[in-house]
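Structure below is final_21.cif: mmCIF, C-alpha atoms, pLDDT in the B column; chains and numbers go by the auth columns.
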```cif
data_upload
#
loop_
_atom_site.group_PDB
_atom_site.id
_atom_site.type_symbol
_atom_site.label_atom_id
_atom_site.label_comp_id
_atom_site.label_asym_id
_atom_site.label_seq_id
_atom_site.Cartn_x
_atom_site.Cartn_y
_atom_site.Cartn_z
_atom_site.B_iso_or_equiv
_atom_site.auth_seq_id
_atom_site.auth_asym_id
ATOM 1 C CA ALA A 1 -34.454 -49.172 4.674 86.00 1 A
ATOM 2 C CA MET A 2 -34.250 -45.585 5.937 84.00 2 A
ATOM 3 C CA GLY A 3 -34.398 -44.136 2.435 83.00 3 A
ATOM 4 C CA ARG A 4 -31.073 -42.335 2.678 87.00 4 A
ATOM 5 C CA GLU A 5 -27.852 -42.667 0.734 92.00 5 A
ATOM 6 C CA VAL A 6 -25.194 -44.671 2.574 93.00 6 A
ATOM 7 C CA LEU A 7 -21.469 -45.081 1.967 94.00 7 A
ATOM 8 C CA ILE A 8 -20.027 -48.387 3.144 94.00 8 A
ATOM 9 C CA ASP A 9 -16.264 -48.429 3.406 95.00 9 A
ATOM 10 C CA HIS A 10 -13.659 -51.203 3.739 95.00 10 A
ATOM 11 C CA ILE A 11 -15.596 -54.003 2.053 95.00 11 A
ATOM 12 C CA ILE A 12 -14.965 -56.333 -0.840 95.00 12 A
ATOM 13 C CA PRO A 13 -17.980 -55.831 -3.133 94.00 13 A
ATOM 14 C CA ASP A 14 -17.267 -59.095 -4.977 93.00 14 A
ATOM 15 C CA HIS A 15 -18.015 -60.983 -1.752 94.00 15 A
ATOM 16 C CA VAL A 16 -21.587 -59.647 -1.706 94.00 16 A
ATOM 17 C CA GLU A 17 -22.198 -59.667 -5.464 96.00 17 A
ATOM 18 C CA SER A 18 -25.369 -61.786 -5.169 96.00 18 A
ATOM 19 C CA LEU A 19 -26.832 -59.277 -2.682 96.00 19 A
ATOM 20 C CA ILE A 20 -25.842 -56.341 -4.883 96.00 20 A
ATOM 21 C CA ALA A 21 -27.446 -58.013 -7.911 97.00 21 A
ATOM 22 C CA LYS A 22 -30.737 -58.593 -6.058 97.00 22 A
ATOM 23 C CA LEU A 23 -30.831 -55.063 -4.630 96.00 23 A
ATOM 24 C CA ARG A 24 -30.231 -53.658 -8.122 96.00 24 A
ATOM 25 C CA GLU A 25 -33.010 -55.896 -9.439 97.00 25 A
ATOM 26 C CA MET A 26 -35.278 -54.312 -6.802 96.00 26 A
ATOM 27 C CA GLY A 27 -34.398 -50.859 -8.130 95.00 27 A
ATOM 28 C CA VAL A 28 -31.783 -49.811 -5.574 95.00 28 A
ATOM 29 C CA ARG A 29 -28.953 -47.733 -7.043 95.00 29 A
ATOM 30 C CA ILE A 30 -25.593 -49.185 -5.990 96.00 30 A
ATOM 31 C CA ASP A 31 -22.193 -47.936 -7.081 96.00 31 A
ATOM 32 C CA THR A 32 -18.994 -49.766 -6.183 95.00 32 A
ATOM 33 C CA LYS A 33 -15.451 -48.489 -6.368 94.00 33 A
ATOM 34 C CA GLY A 34 -12.505 -50.284 -4.818 95.00 34 A
ATOM 35 C CA GLU A 35 -13.383 -51.088 -1.215 96.00 35 A
ATOM 36 C CA GLN A 36 -16.405 -48.775 -1.155 96.00 36 A
ATOM 37 C CA MET A 37 -20.055 -49.143 -1.968 96.00 37 A
ATOM 38 C CA ILE A 38 -22.605 -46.353 -2.185 96.00 38 A
ATOM 39 C CA ILE A 39 -26.204 -47.428 -1.741 95.00 39 A
ATOM 40 C CA GLY A 40 -28.565 -44.793 -3.098 93.00 40 A
ATOM 41 C CA THR A 41 -32.145 -43.979 -2.334 84.00 41 A
ATOM 42 C CA SER A 42 -35.034 -45.460 -4.273 84.00 42 A
ATOM 43 C CA ASP A 43 -38.568 -44.121 -4.394 82.00 43 A
ATOM 44 C CA GLU A 44 -40.058 -47.346 -5.687 92.00 44 A
ATOM 45 C CA LEU A 45 -38.817 -50.864 -5.023 95.00 45 A
ATOM 46 C CA THR A 46 -39.783 -53.739 -7.315 96.00 46 A
ATOM 47 C CA SER A 47 -40.703 -57.220 -6.106 97.00 47 A
ATOM 48 C CA ILE A 48 -38.171 -59.978 -6.743 98.00 48 A
ATOM 49 C CA ASP A 49 -37.708 -63.686 -6.129 98.00 49 A
ATOM 50 C CA ILE A 50 -34.770 -64.955 -4.096 97.00 50 A
ATOM 51 C CA LYS A 51 -33.440 -68.463 -3.573 97.00 51 A
ATOM 52 C CA THR A 52 -30.696 -68.935 -0.998 96.00 52 A
ATOM 53 C CA LEU A 53 -27.691 -70.927 -2.151 94.00 53 A
ATOM 54 C CA VAL A 54 -24.189 -71.718 -0.984 93.00 54 A
ATOM 55 C CA TYR A 55 -21.533 -69.091 -1.754 92.00 55 A
ATOM 56 C CA PRO A 56 -21.317 -67.393 -4.211 92.00 56 A
ATOM 57 C CA GLY A 57 -25.121 -67.629 -4.313 94.00 57 A
ATOM 58 C CA PHE A 58 -27.490 -65.549 -2.216 96.00 58 A
ATOM 59 C CA ALA A 59 -26.464 -66.042 1.428 94.00 59 A
ATOM 60 C CA THR A 60 -29.059 -67.591 3.725 93.00 60 A
ATOM 61 C CA ASP A 61 -27.898 -65.141 6.433 92.00 61 A
ATOM 62 C CA LEU A 62 -29.220 -62.250 4.328 94.00 62 A
ATOM 63 C CA GLN A 63 -32.640 -63.803 3.729 95.00 63 A
ATOM 64 C CA GLN A 64 -34.346 -62.389 6.847 96.00 64 A
ATOM 65 C CA PRO A 65 -33.304 -58.715 6.537 96.00 65 A
ATOM 66 C CA VAL A 66 -34.064 -58.739 2.809 97.00 66 A
ATOM 67 C CA THR A 67 -37.482 -60.270 3.545 97.00 67 A
ATOM 68 C CA ALA A 68 -38.188 -57.253 5.752 97.00 68 A
ATOM 69 C CA LEU A 69 -37.063 -54.883 2.979 96.00 69 A
ATOM 70 C CA LEU A 70 -39.329 -56.656 0.490 97.00 70 A
ATOM 71 C CA THR A 71 -42.372 -55.549 2.494 97.00 71 A
ATOM 72 C CA ARG A 72 -41.777 -52.129 0.828 95.00 72 A
ATOM 73 C CA ALA A 73 -41.548 -53.489 -2.725 96.00 73 A
ATOM 74 C CA GLN A 74 -44.389 -53.139 -5.212 96.00 74 A
ATOM 75 C CA GLY A 75 -45.956 -56.538 -5.947 97.00 75 A
ATOM 76 C CA THR A 76 -45.405 -60.020 -4.576 98.00 76 A
ATOM 77 C CA SER A 77 -41.955 -61.410 -3.863 98.00 77 A
ATOM 78 C CA MET A 78 -40.970 -64.958 -3.039 98.00 78 A
ATOM 79 C CA VAL A 79 -38.042 -65.941 -0.840 97.00 79 A
ATOM 80 C CA THR A 80 -37.018 -69.596 -0.792 96.00 80 A
ATOM 81 C CA ASP A 81 -34.458 -70.841 1.698 94.00 81 A
ATOM 82 C CA THR A 82 -32.826 -73.975 0.290 93.00 82 A
ATOM 83 C CA ILE A 83 -30.221 -74.187 3.057 91.00 83 A
ATOM 84 C CA TYR A 84 -32.238 -74.133 6.306 85.00 84 A
ATOM 85 C CA ASN A 85 -35.892 -75.051 6.667 77.00 85 A
ATOM 86 C CA ALA A 86 -36.513 -73.129 9.912 78.00 86 A
ATOM 87 C CA ARG A 87 -35.380 -69.656 8.885 85.00 87 A
ATOM 88 C CA PHE A 88 -38.774 -67.947 8.927 93.00 88 A
ATOM 89 C CA LYS A 89 -39.122 -67.347 12.681 89.00 89 A
ATOM 90 C CA HIS A 90 -39.088 -63.620 12.018 95.00 90 A
ATOM 91 C CA VAL A 91 -42.256 -63.708 9.894 97.00 91 A
ATOM 92 C CA ASP A 92 -44.713 -63.742 12.822 97.00 92 A
ATOM 93 C CA GLU A 93 -42.965 -60.714 14.305 97.00 93 A
ATOM 94 C CA LEU A 94 -43.053 -58.885 10.951 98.00 94 A
ATOM 95 C CA ARG A 95 -46.775 -59.661 10.750 98.00 95 A
ATOM 96 C CA ARG A 96 -47.224 -57.954 14.153 97.00 96 A
ATOM 97 C CA MET A 97 -45.868 -54.869 12.428 98.00 97 A
ATOM 98 C CA GLY A 98 -48.347 -55.140 9.549 98.00 98 A
ATOM 99 C CA ALA A 99 -46.403 -57.199 7.013 98.00 99 A
ATOM 100 C CA ASP A 100 -48.429 -59.369 4.635 98.00 100 A
ATOM 101 C CA ILE A 101 -46.343 -62.555 4.483 98.00 101 A
ATOM 102 C CA LYS A 102 -47.382 -66.161 4.054 97.00 102 A
ATOM 103 C CA VAL A 103 -44.988 -69.051 4.641 96.00 103 A
ATOM 104 C CA GLU A 104 -45.431 -72.196 2.566 94.00 104 A
ATOM 105 C CA GLY A 105 -42.830 -74.863 3.306 92.00 105 A
ATOM 106 C CA ARG A 106 -39.390 -73.423 2.564 94.00 106 A
ATOM 107 C CA SER A 107 -40.768 -70.294 0.895 95.00 107 A
ATOM 108 C CA ALA A 108 -42.280 -67.031 2.022 96.00 108 A
ATOM 109 C CA LEU A 109 -44.610 -64.975 -0.161 98.00 109 A
ATOM 110 C CA ILE A 110 -44.300 -61.285 0.643 98.00 110 A
ATOM 111 C CA ASN A 111 -47.064 -58.981 -0.569 97.00 111 A
ATOM 112 C CA GLY A 112 -45.338 -55.643 -0.743 95.00 112 A
ATOM 113 C CA LYS A 113 -46.262 -52.047 -0.132 93.00 113 A
ATOM 114 C CA ALA A 114 -47.193 -52.924 3.442 89.00 114 A
ATOM 115 C CA SER A 115 -47.466 -49.994 5.794 94.00 115 A
ATOM 116 C CA LEU A 116 -45.406 -51.237 8.719 97.00 116 A
ATOM 117 C CA GLN A 117 -46.326 -49.955 12.157 98.00 117 A
ATOM 118 C CA GLY A 118 -44.247 -49.935 15.302 97.00 118 A
ATOM 119 C CA ALA A 119 -45.003 -52.834 17.642 97.00 119 A
ATOM 120 C CA LYS A 120 -43.539 -54.911 20.455 95.00 120 A
ATOM 121 C CA VAL A 121 -41.545 -57.689 18.818 97.00 121 A
ATOM 122 C CA LYS A 122 -38.997 -60.276 19.915 95.00 122 A
ATOM 123 C CA ALA A 123 -35.776 -61.287 18.191 95.00 123 A
ATOM 124 C CA SER A 124 -35.588 -65.084 18.347 94.00 124 A
ATOM 125 C CA ASP A 125 -32.095 -65.221 16.849 94.00 125 A
ATOM 126 C CA LEU A 126 -29.438 -63.011 15.266 94.00 126 A
ATOM 127 C CA ARG A 127 -30.859 -62.933 11.747 94.00 127 A
ATOM 128 C CA ALA A 128 -34.441 -62.471 12.926 95.00 128 A
ATOM 129 C CA GLY A 129 -33.184 -59.546 15.000 96.00 129 A
ATOM 130 C CA ALA A 130 -31.567 -58.013 11.915 96.00 130 A
ATOM 131 C CA ALA A 131 -34.880 -58.327 10.062 97.00 131 A
ATOM 132 C CA LEU A 132 -36.733 -56.618 12.912 98.00 132 A
ATOM 133 C CA VAL A 133 -34.219 -53.766 12.959 97.00 133 A
ATOM 134 C CA VAL A 134 -34.674 -53.269 9.196 97.00 134 A
ATOM 135 C CA ALA A 135 -38.471 -53.360 9.566 97.00 135 A
ATOM 136 C CA SER A 136 -38.316 -50.931 12.491 97.00 136 A
ATOM 137 C CA LEU A 137 -36.368 -48.431 10.410 96.00 137 A
ATOM 138 C CA MET A 138 -39.172 -48.486 7.833 95.00 138 A
ATOM 139 C CA ALA A 139 -42.097 -48.521 10.293 97.00 139 A
ATOM 140 C CA GLU A 140 -44.249 -45.644 11.462 96.00 140 A
ATOM 141 C CA GLY A 141 -44.147 -45.156 15.217 96.00 141 A
ATOM 142 C CA VAL A 142 -42.007 -46.827 17.843 96.00 142 A
ATOM 143 C CA THR A 143 -40.921 -50.460 17.694 97.00 143 A
ATOM 144 C CA GLU A 144 -39.782 -52.168 20.875 95.00 144 A
ATOM 145 C CA ILE A 145 -37.452 -55.096 20.229 95.00 145 A
ATOM 146 C CA THR A 146 -36.634 -57.582 22.967 92.00 146 A
ATOM 147 C CA GLY A 147 -34.099 -60.373 22.638 92.00 147 A
ATOM 148 C CA LEU A 148 -31.308 -57.881 22.016 93.00 148 A
ATOM 149 C CA GLU A 149 -28.720 -60.377 23.233 93.00 149 A
ATOM 150 C CA HIS A 150 -29.095 -62.085 19.848 94.00 150 A
ATOM 151 C CA ILE A 151 -28.527 -58.847 17.944 95.00 151 A
ATOM 152 C CA ASP A 152 -25.642 -57.800 20.190 94.00 152 A
ATOM 153 C CA ARG A 153 -23.954 -61.144 19.523 95.00 153 A
ATOM 154 C CA GLY A 154 -23.605 -60.382 15.830 93.00 154 A
ATOM 155 C CA TYR A 155 -23.573 -56.611 15.401 93.00 155 A
ATOM 156 C CA GLU A 156 -21.004 -54.541 17.259 92.00 156 A
ATOM 157 C CA ASP A 157 -22.100 -51.018 18.255 93.00 157 A
ATOM 158 C CA LEU A 158 -25.271 -51.258 16.150 94.00 158 A
ATOM 159 C CA GLU A 159 -27.020 -48.429 17.994 94.00 159 A
ATOM 160 C CA GLU A 160 -24.150 -46.033 17.347 95.00 160 A
ATOM 161 C CA LYS A 161 -24.012 -47.002 13.681 93.00 161 A
ATOM 162 C CA LEU A 162 -27.744 -46.493 13.269 94.00 162 A
ATOM 163 C CA LEU A 163 -27.597 -43.149 15.067 94.00 163 A
ATOM 164 C CA ALA A 164 -24.804 -42.076 12.697 92.00 164 A
ATOM 165 C CA LEU A 165 -27.167 -42.868 9.804 91.00 165 A
ATOM 166 C CA GLY A 166 -29.866 -40.668 11.344 91.00 166 A
ATOM 167 C CA ALA A 167 -32.032 -43.344 12.953 93.00 167 A
ATOM 168 C CA ASN A 168 -33.924 -42.526 16.127 93.00 168 A
ATOM 169 C CA VAL A 169 -32.927 -45.481 18.323 94.00 169 A
ATOM 170 C CA TRP A 170 -32.224 -45.985 22.000 93.00 170 A
ATOM 171 C CA ARG A 171 -31.820 -48.805 24.494 91.00 171 A
ATOM 172 C CA GLU A 172 -33.927 -49.117 27.623 88.00 172 A
ATOM 173 C CA ASN A 173 -33.650 -51.448 30.567 83.00 173 A
ATOM 174 C CA LEU A 174 -36.721 -53.588 31.188 76.00 174 A
ATOM 175 C CA THR A 175 -38.559 -53.523 34.470 82.00 175 A
ATOM 176 C CA ILE A 176 -38.709 -56.757 36.489 86.00 176 A
ATOM 177 C CA GLU A 177 -42.322 -57.233 35.365 86.00 177 A
ATOM 178 C CA GLU A 178 -41.347 -56.777 31.701 78.00 178 A
ATOM 179 C CA VAL A 179 -38.494 -59.262 32.056 77.00 179 A
ATOM 180 C CA ASP A 180 -40.969 -61.818 33.486 83.00 180 A
ATOM 181 C CA GLN A 181 -43.380 -61.158 30.572 79.00 181 A
ATOM 182 C CA VAL A 182 -40.606 -61.678 28.013 72.00 182 A
ATOM 183 C CA ARG A 183 -39.509 -64.909 29.673 79.00 183 A
ATOM 184 C CA SER A 184 -43.060 -66.273 29.694 80.00 184 A
ATOM 185 C CA SER A 185 -43.768 -65.326 26.067 71.00 185 A
#
```

Rewrite the structure of this file - the entire thing - as structure tokens.
Amino acid sequence: AMGREVLIDHIIPDHVESLIAKLREMGVRIDTKGEQMIIGTSDELTSIDIKTLVYPGFATDLQQPVTALLTRAQGTSMVTDTIYNARFKHVDELRRMGADIKVEGRSALINGKASLQGAKVKASDLRAGAALVVASLMAEGVTEITGLEHIDRGYEDLEEKLLALGANVWRENLTIEEVDQVRSS
């Protein structure tokens, strides 16, 4: 999402083979060796279609962050979630950032090459939060994400990891008025 090469260590690439295959189909260069994976940069991403399936198929947990990434792809992509029918809560928040996404039943149509802009968005659950983080890394300007308790529940030390990758992220405490606004939204 940040457009930089990343080395991921201590993984089992075979466990994420469906993700690797889809990223490669999009035009992302991925090299695996032992317990390492290098994800390269890509100037141009290609639209793809994804259907979530039980393992070893494409994991439903990866659908939301990949949907955010597909906003950068050239063309129209379709993501169909065959496992859960309510996994598109993140779409309205991505639209606030400028994404062109339409949900039809269990599928989302993503018109790519969107120019995402920073916005105030809310993570409604862990996976939606992951999608908003991915979108924020690609967006121009500052994105303010609330609902961090969902993200914190699933991603340990995410800020530090993103900072190590070169992201410009920080955590702020909300004022009492902002907390009341979030609760009423």

Inset, instruction - Between A:Lys22, A:Arg87, A:Lys51, A:His15, single out the one closest to Glu35 in chain A, counting only C-alpha atoms. - result: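 Of the candidates, the smallest distance to Glu35 in chain A is held by A:His15.
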
Inset, instruction - Can you turn the PyMOL selection byres ((chain A and resi 4) around 7) into a concrete residue list for this file, as a PyMOL selection string? - result: chain A and resi 2-3+5-6+40-41

Legend entry - Explicit residues for the PyMOL selection byres ((chain A and resi 81) around 12) (as a count of residues only): 32

Inset, instruction - Rank A:Thr76, A:Gly141, A:Ser185, A:Leu163 by their smallest atom-to-atom distance to Ala123 in chain A, using all atoms listed in the file, and report the top residue only. - result: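 For Ala123 in chain A, the nearest of the candidates is A:Ser185.
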
Inset, instruction - Enter the distance from CA of Arg72 in chain A to CA of Arg127 in chain A, in Å, rounded to one decimal. - result: 18.8 Å

Inset, instruction - In Å, rounded to a single decimal, give me how far CA of Val169 in chain A is from CA of Ile12 in chain A. - result: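 That distance, rounded to one decimal, is 28.4 Å.
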
Inset, instruction - Give me the residues within 10 Å of His90 in chain A as JSON, numbers by chain, counting all atoms listed in the file and dropping any in the same chain fewer than 2 places off. - result: {"A": [64, 65, 67, 68, 87, 88, 92, 93, 94, 95, 121, 122, 123, 124, 125, 127, 128, 129, 130, 131, 132]}

Legend entry - CA of Tyr155 in chain A to CA of Gln36 in chain A, straight-line distance in Å: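 Separation of CA of Gln36 in chain A and CA of Tyr155 in chain A: 19.7 Å.
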
Legend entry - Selection result for the PyMOL selection byres ((chain A and resi 47) around 12) on this file, as JSON, numbers by chain: {"A": [22, 23, 24, 25, 26, 27, 28, 44, 45, 46, 48, 49, 50, 66, 67, 69, 70, 71, 72, 73, 74, 75, 76, 77, 78, 79, 109, 110, 111, 112, 113]}

Inset, instruction - Name the closest residue to Lys120 in chain A among the candidates A:Ile176, A:Met97, A:Val91, A:Leu19; distances are taken between atoms, counting all atoms listed in the file. - result: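 Ranked by minimum distance to Lys120 in chain A, first place goes to A:Met97.
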
Legend entry - Nearest to Leu7 in chain A by atom-to-atom distance, counting all atoms listed in the file, from A:Glu149, A:Asp100, A:Ala21, A:Met37: A:Met37
